[in-house]
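Asker: So here's query-v1.tsv (TSV, C-alpha atoms and all ligand atoms).
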```tsv
chain	number	residue	atom	x	y	z
P	1	MET	CA	0.00	0.00	0.00
P	2	GLY	CA	1.27	3.44	-0.90
P	3	ILE	CA	-0.50	6.78	-1.10
P	4	ARG	CA	-4.20	5.91	-1.23
P	5	SER	CA	-5.49	5.98	-4.80
P	6	THR	CA	-8.15	8.67	-4.09
P	7	VAL	CA	-5.47	10.96	-2.65
P	8	GLY	CA	-3.18	10.02	-5.55
P	9	SER	CA	-5.67	11.01	-8.22
P	10	MET	CA	-6.44	14.32	-6.44
P	11	LEU	CA	-2.72	15.07	-6.36
P	12	ASP	CA	-2.45	14.06	-10.03
P	13	SER	CA	-5.00	16.69	-11.02
P	14	THR	CA	-3.53	19.48	-8.85
P	15	ILE	CA	0.27	19.06	-9.02
P	16	GLY	CA	0.53	16.83	-12.10
P	17	ARG	CA	1.36	13.14	-12.61
P	18	GLU	CA	5.13	13.54	-12.69
P	19	ARG	CA	5.35	15.28	-9.30
P	20	THR	CA	2.81	12.83	-7.80
P	21	ASN	CA	4.95	9.91	-9.02
P	22	THR	CA	8.03	11.47	-7.41
P	23	ILE	CA	6.13	11.69	-4.10
P	24	ARG	CA	4.94	8.09	-4.50
P	25	LYS	CA	8.52	6.94	-5.12
P	26	ALA	CA	9.87	8.82	-2.06
P	27	GLU	CA	7.14	7.38	0.11
P	28	ARG	CA	7.89	3.81	-1.07
P	29	LYS	CA	11.58	4.32	-0.34
P	30	ALA	CA	10.88	5.65	3.19
P	31	ARG	CA	8.52	2.75	3.86
P	32	ASN	CA	11.08	0.16	2.72
P	33	THR	CA	13.88	1.74	4.77
P	34	LEU	CA	11.67	1.67	7.84
P	35	ALA	CA	10.69	-1.96	7.22
P	36	GLU	CA	14.37	-2.92	6.93
P	37	ARG	CA	15.21	-1.17	10.18
P	38	LEU	CA	12.38	-2.87	12.04
P	39	ALA	CA	13.05	-6.34	10.61
P	40	PRO	CA	14.88	-8.73	13.00
P	41	GLU	CA	18.55	-9.38	12.31
P	42	PRO	CA	19.06	-12.63	10.46
P	43	PRO	CA	20.97	-15.17	12.61
P	44	LYS	CA	24.74	-15.12	12.33
P	45	ARG	CA	25.67	-18.36	10.64
P	46	PRO	CA	29.20	-19.73	11.15
P	47	ALA	CA	31.42	-19.28	8.11
P	48	ALA	CA	31.18	-22.29	5.83
P	49	LYS	CA	34.06	-24.72	6.23
P	50	PRO	CA	36.22	-25.15	3.14
P	51	THR	CA	35.22	-28.32	1.38
P	52	ALA	CA	36.74	-30.35	-1.38
P	53	LYS	CA	33.31	-30.92	-2.88
P	54	LYS	CA	32.24	-28.96	-5.90
P	55	ALA	CA	30.37	-25.83	-4.85
P	56	ALA	CA	26.61	-25.93	-5.33
P	57	PRO	CA	25.33	-23.62	-8.06
P	58	ALA	CA	24.38	-20.17	-6.77
P	59	LYS	CA	20.72	-19.75	-5.85
P	60	PRO	CA	18.68	-17.46	-8.01
P	61	GLN	CA	18.79	-13.90	-6.65
P	62	ALA	CA	15.15	-13.85	-5.53
P	63	THR	CA	15.52	-17.02	-3.40
P	64	ALA	CA	18.77	-15.76	-1.83
P	65	GLU	CA	17.09	-12.47	-0.90
P	66	ARG	CA	14.10	-14.25	0.58
P	67	SER	CA	16.21	-16.62	2.68
P	68	ARG	CA	18.21	-13.65	4.01
P	69	TRP	CA	15.11	-12.09	5.54
P	70	GLN	CA	13.02	-15.15	6.18
P	71	PRO	CA	15.56	-17.64	7.53
P	72	PRO	CA	14.02	-21.02	8.30
P	73	ASP	CA	15.16	-20.88	11.91
P	74	PRO	CA	15.70	-17.30	13.13
P	75	PHE	CA	17.06	-17.03	16.66
P	76	ALA	CA	16.35	-14.18	19.03
P	77	PRO	CA	19.48	-12.03	19.35
P	78	HIS	CA	21.43	-13.01	22.48
P	79	PRO	CA	25.05	-12.78	23.66
P	80	GLU	CA	27.27	-15.29	21.86
P	81	PRO	CA	27.80	-18.18	24.33
P	82	ARG	CA	31.44	-18.52	25.38
P	83	MET	CA	31.13	-22.21	26.32
P	84	SER	CA	29.18	-25.26	25.26
P	85	ARG	CA	27.10	-27.16	27.82
P	86	HIS	CA	29.70	-29.92	27.85
P	87	GLU	CA	32.57	-27.49	28.52
P	88	PHE	CA	30.53	-25.98	31.33
P	89	LEU	CA	29.65	-29.40	32.78
P	90	GLU	CA	33.30	-30.40	32.58
P	91	GLY	CA	34.17	-27.22	34.49
P	92	LEU	CA	31.62	-28.10	37.18
P	93	HIS	CA	33.07	-31.62	37.51
P	94	GLU	CA	36.51	-30.05	38.03
P	95	LYS	CA	35.33	-27.39	40.45
P	96	THR	CA	32.96	-29.48	42.57
P	97	ARG	CA	34.98	-32.75	42.53
P	98	PRO	CA	31.80	-34.80	43.05
P	99	ARG	CA	31.91	-38.11	44.93
P	100	THR	CA	28.85	-39.21	42.93
P	101	TYR	CA	27.35	-38.22	39.57
P	102	LEU	CA	23.81	-39.00	38.37
P	103	GLU	CA	22.92	-38.50	34.71
P	104	ILE	CA	19.46	-38.63	33.18
P	105	GLY	CA	19.76	-38.96	29.39
P	106	ILE	CA	22.94	-40.56	28.01
P	107	ARG	CA	22.46	-40.82	24.23
P	108	THR	CA	26.03	-41.46	22.94
P	109	GLY	CA	27.84	-40.77	26.21
P	110	THR	CA	29.34	-37.32	25.51
P	111	SER	CA	28.36	-35.93	28.91
P	112	LEU	CA	28.93	-39.24	30.72
P	113	ALA	CA	32.50	-39.31	29.34
P	114	LEU	CA	33.22	-36.21	31.47
P	115	SER	CA	32.68	-38.05	34.75
P	116	ARG	CA	35.66	-39.34	36.76
P	117	THR	CA	33.64	-40.41	39.77
P	118	ARG	CA	31.17	-43.11	40.76
P	119	SER	CA	28.21	-42.62	38.44
P	120	ILE	CA	24.74	-43.80	37.57
P	121	ALA	CA	23.39	-43.05	34.09
P	122	VAL	CA	19.79	-43.64	33.01
P	123	ASP	CA	18.31	-43.75	29.51
P	124	PRO	CA	15.76	-46.05	27.83
P	125	SER	CA	17.56	-45.85	24.49
P	126	PHE	CA	21.26	-45.08	24.22
P	127	VAL	CA	24.33	-46.11	22.25
P	128	ILE	CA	27.52	-45.17	24.04
P	129	ASP	CA	30.28	-44.57	21.52
P	130	LYS	CA	32.73	-42.58	23.72
P	131	PRO	CA	35.37	-43.95	26.06
P	132	ILE	CA	33.99	-43.85	29.62
P	133	HIS	CA	36.40	-43.15	32.50
P	134	CYS	CA	34.34	-43.85	35.58
P	135	ASP	CA	32.78	-46.61	37.62
P	136	VAL	CA	29.30	-46.37	36.15
P	137	GLN	CA	26.05	-48.26	36.50
P	138	VAL	CA	24.19	-47.78	33.24
P	139	VAL	CA	20.44	-48.28	33.54
P	140	LYS	CA	18.32	-48.89	30.45
P	141	ALA	CA	15.01	-47.43	31.61
P	142	THR	CA	13.02	-44.23	31.63
P	143	SER	CA	13.89	-42.03	34.58
P	144	ASP	CA	10.35	-42.44	35.98
P	145	ASP	CA	10.73	-46.24	36.00
P	146	PHE	CA	14.23	-45.97	37.43
P	147	PHE	CA	13.09	-43.89	40.42
P	148	ALA	CA	10.05	-46.12	40.96
P	149	GLY	CA	12.37	-49.09	41.57
P	150	ASP	CA	13.75	-50.27	44.91
P	151	ALA	CA	16.88	-48.48	46.11
P	152	PRO	CA	17.60	-46.86	42.73
P	153	LEU	CA	20.84	-45.26	43.95
P	154	ALA	CA	22.25	-48.35	45.67
P	155	HIS	CA	25.36	-48.08	43.47
P	156	PHE	CA	26.36	-45.00	45.52
P	157	ASP	CA	26.46	-47.04	48.77
P	158	GLY	CA	24.59	-44.40	50.74
P	159	VAL	CA	26.68	-41.44	49.53
P	160	PRO	CA	24.28	-38.67	48.45
P	161	VAL	CA	24.38	-37.15	44.99
P	162	ASP	CA	26.98	-34.39	44.57
P	163	LEU	CA	26.32	-33.63	40.91
P	164	ALA	CA	23.30	-34.47	38.71
P	165	PHE	CA	22.62	-33.68	35.07
P	166	ILE	CA	18.99	-33.67	33.89
P	167	ASP	CA	19.05	-34.12	30.12
P	168	GLY	CA	16.47	-36.82	29.39
P	169	MET	CA	13.08	-36.23	27.79
P	170	HIS	CA	12.81	-32.57	26.76
P	171	LEU	CA	9.27	-32.07	27.95
P	172	SER	CA	8.71	-29.96	31.04
P	173	GLU	CA	6.66	-32.49	32.99
P	174	PHE	CA	9.40	-35.12	32.61
P	175	ALA	CA	12.18	-32.73	33.62
P	176	LEU	CA	10.15	-31.50	36.61
P	177	ARG	CA	9.53	-35.09	37.75
P	178	ASP	CA	13.25	-35.80	37.35
P	179	PHE	CA	13.99	-32.89	39.69
P	180	ILE	CA	11.32	-33.98	42.20
P	181	ASN	CA	12.72	-37.53	42.18
P	182	ILE	CA	16.37	-36.49	42.48
P	183	GLU	CA	16.15	-33.80	45.18
P	184	PRO	CA	15.62	-36.22	48.11
P	185	TRP	CA	18.90	-37.92	47.16
P	186	MET	CA	20.97	-34.73	46.87
P	187	ALA	CA	23.78	-33.80	49.23
P	188	ASP	CA	23.31	-30.45	51.03
P	189	THR	CA	26.26	-29.23	48.98
P	190	GLY	CA	25.04	-30.90	45.78
P	191	VAL	CA	24.47	-29.30	42.38
P	192	ILE	CA	21.82	-30.12	39.79
P	193	VAL	CA	22.30	-29.00	36.19
P	194	PHE	CA	19.42	-28.82	33.71
P	195	ASP	CA	20.16	-28.74	30.01
P	196	ASP	CA	18.01	-26.93	27.40
P	197	VAL	CA	16.40	-24.20	29.47
P	198	LEU	CA	17.15	-21.33	27.05
P	199	PRO	CA	15.55	-22.13	23.68
P	200	ARG	CA	16.45	-19.57	21.03
P	201	ASN	CA	12.99	-19.30	19.56
P	202	ALA	CA	9.51	-20.74	19.94
P	203	LEU	CA	10.26	-23.46	17.37
P	204	GLU	CA	13.10	-24.83	19.48
P	205	ALA	CA	10.80	-24.73	22.52
P	206	ALA	CA	8.01	-26.66	20.80
P	207	ARG	CA	6.72	-29.70	22.68
P	208	ASP	CA	6.11	-31.36	19.34
P	209	ARG	CA	9.70	-31.46	18.08
P	210	LYS	CA	10.24	-29.46	14.91
P	211	THR	CA	13.96	-28.65	14.89
P	212	LEU	CA	17.25	-30.52	14.76
P	213	SER	CA	18.47	-28.78	17.90
P	214	TRP	CA	15.55	-29.27	20.30
P	215	ALA	CA	15.19	-27.73	23.74
P	216	GLY	CA	11.50	-28.42	24.20
P	217	ASP	CA	9.70	-26.62	27.00
P	218	VAL	CA	12.08	-27.58	29.84
P	219	TYR	CA	12.43	-23.83	30.56
P	220	LYS	CA	9.02	-24.04	32.32
P	221	VAL	CA	10.67	-26.02	35.11
P	222	VAL	CA	12.88	-23.02	35.91
P	223	GLU	CA	9.75	-20.87	36.10
P	224	ILE	CA	8.06	-23.35	38.43
P	225	LEU	CA	11.11	-23.73	40.66
P	226	ARG	CA	11.35	-19.96	41.03
P	227	ARG	CA	7.66	-19.64	41.80
P	228	ARG	CA	7.19	-22.61	44.14
P	229	ARG	CA	10.66	-22.95	45.62
P	230	PRO	CA	12.15	-19.51	46.25
P	231	ASP	CA	14.46	-21.20	48.79
P	232	LEU	CA	16.42	-22.77	45.91
P	233	VAL	CA	19.10	-20.90	43.97
P	234	VAL	CA	18.33	-21.32	40.26
P	235	LEU	CA	20.85	-19.72	37.91
P	236	LEU	CA	20.36	-19.65	34.17
P	237	VAL	CA	23.62	-20.05	32.26
P	238	ASN	CA	24.35	-18.80	28.74
P	239	THR	CA	25.83	-21.97	27.25
P	240	ALA	CA	25.63	-23.18	23.65
P	241	ASN	CA	23.37	-24.30	22.20
P	242	THR	CA	20.26	-24.08	24.28
P	243	GLY	CA	21.38	-22.93	27.71
P	244	THR	CA	21.71	-24.64	31.06
P	245	ALA	CA	20.51	-23.99	34.61
P	246	VAL	CA	22.35	-24.65	37.85
P	247	VAL	CA	20.34	-25.37	40.99
P	248	VAL	CA	21.67	-25.52	44.57
P	249	GLY	CA	20.32	-25.18	48.11
P	250	PHE	CA	18.23	-28.34	48.36
P	251	ASP	CA	15.63	-29.27	50.91
P	252	GLN	CA	15.48	-33.03	50.68
P	253	ALA	CA	12.24	-33.14	52.69
P	254	SER	CA	10.35	-30.52	50.67
P	255	THR	CA	7.05	-31.66	49.15
P	256	ALA	CA	6.14	-28.28	47.63
P	257	LEU	CA	6.75	-29.38	44.05
P	258	LYS	CA	5.04	-32.74	44.42
P	259	ASP	CA	2.06	-31.08	46.10
P	260	GLY	CA	1.82	-28.43	43.37
P	261	TYR	CA	2.35	-30.80	40.42
P	262	VAL	CA	-1.31	-31.28	39.46
P	263	GLU	CA	-1.97	-27.54	39.71
P	264	GLU	CA	0.94	-26.92	37.33
P	265	GLU	CA	-0.22	-29.42	34.73
P	266	ASP	CA	-2.13	-26.87	32.63
P	267	TYR	CA	1.02	-24.79	32.35
P	268	LEU	CA	3.31	-27.76	31.80
P	269	LEU	CA	1.16	-29.35	29.10
P	270	GLN	CA	0.21	-26.11	27.33
P	271	PRO	CA	0.22	-27.01	23.63
P	272	ASP	CA	2.40	-25.32	20.99
P	273	PRO	CA	3.22	-22.64	20.12
P	274	GLN	CA	5.06	-21.92	23.35
P	275	THR	CA	5.23	-18.31	24.51
P	276	LEU	CA	8.64	-17.73	25.99
P	277	PRO	CA	9.44	-14.87	28.34
P	278	LEU	CA	11.59	-12.35	26.45
P	279	GLU	CA	14.35	-12.54	29.05
P	280	TYR	CA	14.81	-16.22	28.22
P	281	LEU	CA	15.06	-15.51	24.50
P	282	ASP	CA	17.51	-12.63	24.81
P	283	ARG	CA	19.23	-14.36	27.76
P	284	SER	CA	19.39	-11.10	29.69
P	285	ILE	CA	18.82	-13.08	32.91
P	286	ALA	CA	21.58	-15.61	32.18
P	287	VAL	CA	24.99	-15.60	33.81
P	288	GLU	CA	28.05	-16.27	31.65
P	289	PRO	CA	29.40	-19.79	32.29
P	290	ASP	CA	33.04	-18.73	32.79
P	291	ILE	CA	32.01	-16.14	35.37
P	292	LEU	CA	30.00	-18.73	37.27
P	293	LEU	CA	32.85	-21.27	37.18
P	294	GLU	CA	35.36	-18.65	38.38
P	295	SER	CA	33.32	-18.02	41.53
P	296	PRO	CA	35.22	-18.91	44.76
P	297	VAL	CA	31.98	-20.49	45.97
P	298	TRP	CA	32.82	-23.91	44.47
P	299	GLU	CA	36.04	-24.27	46.46
P	300	GLN	CA	34.17	-23.27	49.63
P	301	LEU	CA	31.41	-25.72	48.75
P	302	VAL	CA	33.91	-28.59	48.52
P	303	ALA	CA	35.51	-27.51	51.82
P	304	SER	CA	32.09	-27.35	53.42
P	305	ARG	CA	31.31	-30.87	52.19
P	306	GLU	CA	34.64	-32.24	53.39
P	307	HIS	CA	34.44	-30.59	56.82
P	308	GLY	CA	30.69	-30.93	57.27
P	309	ALA	CA	30.27	-27.18	57.76
P	310	SER	CA	26.79	-26.98	56.24
P	311	ALA	CA	25.85	-23.99	58.47
P	312	ASP	CA	27.90	-21.77	56.11
P	313	LEU	CA	25.94	-22.79	53.05
P	314	ALA	CA	23.36	-19.99	53.20
P	315	SER	CA	26.10	-17.41	52.66
P	316	LEU	CA	27.45	-19.39	49.69
P	317	TRP	CA	23.99	-19.46	48.12
P	318	ASP	CA	23.73	-15.68	48.65
P	319	GLU	CA	27.04	-15.28	46.81
P	320	LEU	CA	25.69	-17.29	43.89
P	321	ARG	CA	22.39	-15.37	43.84
P	322	LYS	CA	24.38	-12.16	43.36
P	323	LEU	CA	25.70	-13.50	40.03
P	324	GLN	CA	22.22	-13.59	38.52
P	325	PRO	CA	21.86	-10.57	36.22
P	326	GLY	CA	18.74	-8.45	36.37
M	401	LIG	C1	19.87	-34.95	24.60
M	401	LIG	S1	20.07	-36.64	24.80
M	401	LIG	C2	21.24	-36.76	26.11
M	401	LIG	C3	22.59	-36.23	25.74
M	401	LIG	C4	23.66	-36.46	26.77
M	401	LIG	N1	23.25	-36.05	28.10
M	401	LIG	C5	24.87	-35.63	26.39
M	401	LIG	O1	24.94	-34.44	26.71
M	401	LIG	O2	25.76	-36.20	25.75
M	401	LIG	C6	18.58	-37.10	25.52
M	401	LIG	C7	18.50	-38.57	25.89
M	401	LIG	O3	17.40	-38.70	26.76
M	401	LIG	C8	16.87	-39.97	26.58
M	401	LIG	N2	15.51	-40.03	27.11
M	401	LIG	C9	14.34	-39.82	26.47
M	401	LIG	N3	13.31	-40.00	27.32
M	401	LIG	C10	13.84	-40.31	28.51
M	401	LIG	C11	13.29	-40.63	29.78
M	401	LIG	N4	11.96	-40.64	29.97
M	401	LIG	N5	14.14	-40.91	30.79
M	401	LIG	C12	15.47	-40.89	30.60
M	401	LIG	N6	16.05	-40.61	29.42
M	401	LIG	C13	15.25	-40.33	28.39
M	401	LIG	C14	16.94	-40.20	25.07
M	401	LIG	O4	16.93	-41.59	24.78
M	401	LIG	C15	18.25	-39.50	24.73
M	401	LIG	O5	19.29	-40.44	24.60
```
Is it possible to give me this structure as structure tokens?
Answerer:
Amino acid sequence: MGIRSTVGSMLDSTIGRERTNTIRKAERKARNTLAERLAPEPPKRPAAKPTAKKAAPAKPQATAERSRWQPPDPFAPHPEPRMSRHEFLEGLHEKTRPRTYLEIGIRTGTSLALSRTRSIAVDPSFVIDKPIHCDVQVVKATSDDFFAGDAPLAHFDGVPVDLAFIDGMHLSEFALRDFINIEPWMADTGVIVFDDVLPRNALEAARDRKTLSWAGDVYKVVEILRRRRPDLVVLLVNTANTGTAVVVGFDQASTALKDGYVEEEDYLLQPDPQTLPLEYLDRSIAVEPDILLESPVWEQLVASREHGASADLASLWDELRKLQPG
């Protein structure tokens, strides 16, 4: 739409067709410039790796233009992550020196390969193709079935869980149940890490998977933890690809999440499209992983665990809370 045709024809008859056309042209140009300024930035794609294969023929100009402005998978602009989730998890293993590690979701063993401690790993369908360097009990089951069994953590011989990674089914109700089932087994000084809590767009957050890199709606668990369990420290972390969350400050006897589960079901099961809070998309509430790992809190946490000084923990959690931006 340009100048409305009735206005255009009035102008035609008063100032002449040529001057009207000049005005029309200027208006179109201004409109296009404005549209370009308002359009979202296309995602930054990594530079293509050199390949020995013959280059594909160039796309026709019109298609190339269209794909520049309508990329199939546009991500909300957010700070470039400085670490992957595996680098961050590796850092946490080093910093927290866990006595025990519990992993939900193994797939090919990339995250399990980071463990150097006694471990339990649970997944109904996995193919480990990485060298594993720990004493691990691998359980072929869904996490719900695993926790429903007798003494699921017997492999830890009564030692509570120091580090847990929740990376199984990427649907919020599963991830929330994983948290509810794991918390009673956590050490006071323990750390739980969630993967996939910062989807980069609504497509990646879809419950009905539509993208290669899939976060699902696990981010809702962070929302629920913050709402129902303000006693926990829940830090969002800007890791590639789809963000992680670190949770500390457990209350092994708490029933708040279990009691509130049915009330949360409408929110958890809300069908696609998912509506993500903006601060998740732009990651303005996420801490940078290297800053979190550099915190002196981890050393103090290990000392606290080794000397049984759990009374000091509240001040450590306060230190961690201060790292949360916003
Ligand atoms: C993203 S992959 C795990 C990747 C792995 N943690 C890593 O970082 O290398 C998710 C895994 O969760 C498993 N999974 C799916 N549903 C599950 C469930 N209900 N309980 C446990 N694991 C589940 C899948 O079989 C899949 O292997």
Asker: Hey, which residues come within 7 Å of ligand LIG 401 (chain M) if we count all atoms listed in the file? Could you give them as a ChimeraX atom specification?
Answerer: /P:86,104-112,122-126,141-144,167-169,174
Asker: Which residues, protein or nucleic acid, reach to within 10 Å of (25.8, -24.3, 23.9) in the file's coordinates when using all atoms listed in the file, and can you give that as a PyMOL selection string?
Answerer: chain P and resi 80-88+195-196+198+237-244
Asker: Can you pull out the residues contacting Pro184 of chain P? Cut-off 8 Å, using only C-alpha atoms, and skip same-chain residues under 5 positions away; I want them as a VMD selection string.
Answerer: chain P and resid 251 to 253
Asker: Closest to Ile166 of chain P among P:Val297, P:Ile285, P:Ala76, P:Val246, using all atoms listed in the file?
Answerer: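 Counting all atoms listed in the file, the residue closest to Ile166 of chain P is P:Val246.
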Asker: Give me, please, the distance in Å between atom CA of Lys140 of chain P and atom CA of Val197 of chain P, quoted to one decimal.
Answerer: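 A separation of 24.8 Å between them.
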Asker: Counting only C-alpha atoms, which residue out of P:Asn181, P:Ser284, P:Ser254, P:Ser119 sits closest to Ala154 of chain P?
Answerer: P:Ser119
Asker: Just the number, please: distance in Å from atom CA of Lys130 of chain P to atom CA of Leu114 of chain P, one decimal.
Answerer: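 Computed distance, atom CA of Lys130 of chain P to atom CA of Leu114 of chain P, equals 10.0 Å.
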Asker: Enter the distance from atom CA of Ile120 of chain P to atom CA of Thr211 of chain P, in Å, rounded to one decimal.
Answerer: 29.3 Å
Asker: Pull N, CA and C atoms for segment 225-245 of chain P from the block and write them as a compact mmCIF listing (two decimals), in the first residue's frame.
Answerer:
```
# COMPACT_ATOMS: atom_id res chain seq x y z
N LEU P 225 10.22 -23.71 39.50
CA LEU P 225 11.11 -23.73 40.66
C LEU P 225 11.17 -22.35 41.29
N ARG P 226 11.25 -21.32 40.47
CA ARG P 226 11.35 -19.96 41.03
C ARG P 226 10.06 -19.56 41.75
N ARG P 227 8.94 -20.00 41.21
CA ARG P 227 7.66 -19.64 41.80
C ARG P 227 7.39 -20.42 43.08
N ARG P 228 7.61 -21.74 43.01
CA ARG P 228 7.19 -22.61 44.14
C ARG P 228 8.29 -22.89 45.14
N ARG P 229 9.55 -22.63 44.72
CA ARG P 229 10.66 -22.95 45.62
C ARG P 229 11.67 -21.79 45.66
N PRO P 230 11.23 -20.65 46.20
CA PRO P 230 12.15 -19.51 46.25
C PRO P 230 13.37 -19.76 47.15
N ASP P 231 13.30 -20.84 47.94
CA ASP P 231 14.46 -21.20 48.79
C ASP P 231 15.62 -21.74 47.95
N LEU P 232 15.35 -22.25 46.76
CA LEU P 232 16.42 -22.77 45.91
C LEU P 232 17.14 -21.62 45.20
N VAL P 233 18.40 -21.83 44.86
CA VAL P 233 19.10 -20.90 43.97
C VAL P 233 19.04 -21.52 42.58
N VAL P 234 18.46 -20.80 41.63
CA VAL P 234 18.33 -21.32 40.26
C VAL P 234 18.98 -20.31 39.32
N LEU P 235 20.13 -20.66 38.79
CA LEU P 235 20.85 -19.72 37.91
C LEU P 235 20.78 -20.21 36.47
N LEU P 236 20.33 -19.32 35.59
CA LEU P 236 20.36 -19.65 34.17
C LEU P 236 21.75 -19.33 33.62
N VAL P 237 22.24 -20.19 32.73
CA VAL P 237 23.62 -20.05 32.26
C VAL P 237 23.63 -20.01 30.73
N ASN P 238 24.32 -19.01 30.19
CA ASN P 238 24.35 -18.80 28.74
C ASN P 238 25.35 -19.74 28.07
N THR P 239 24.96 -21.02 27.94
CA THR P 239 25.83 -21.97 27.25
C THR P 239 25.23 -22.29 25.88
N ALA P 240 26.10 -22.73 24.96
CA ALA P 240 25.63 -23.18 23.65
C ALA P 240 25.17 -24.62 23.79
N ASN P 241 24.17 -25.10 23.10
CA ASN P 241 23.37 -24.30 22.20
C ASN P 241 22.15 -23.69 22.92
N THR P 242 21.58 -24.47 23.78
CA THR P 242 20.26 -24.08 24.28
C THR P 242 20.22 -23.83 25.79
N GLY P 243 21.37 -23.41 26.33
CA GLY P 243 21.38 -22.93 27.71
C GLY P 243 21.25 -24.01 28.77
N THR P 244 21.80 -23.70 29.94
CA THR P 244 21.71 -24.64 31.06
C THR P 244 21.23 -23.87 32.29
N ALA P 245 20.83 -24.62 33.32
CA ALA P 245 20.51 -23.99 34.61
C ALA P 245 21.22 -24.77 35.70
```
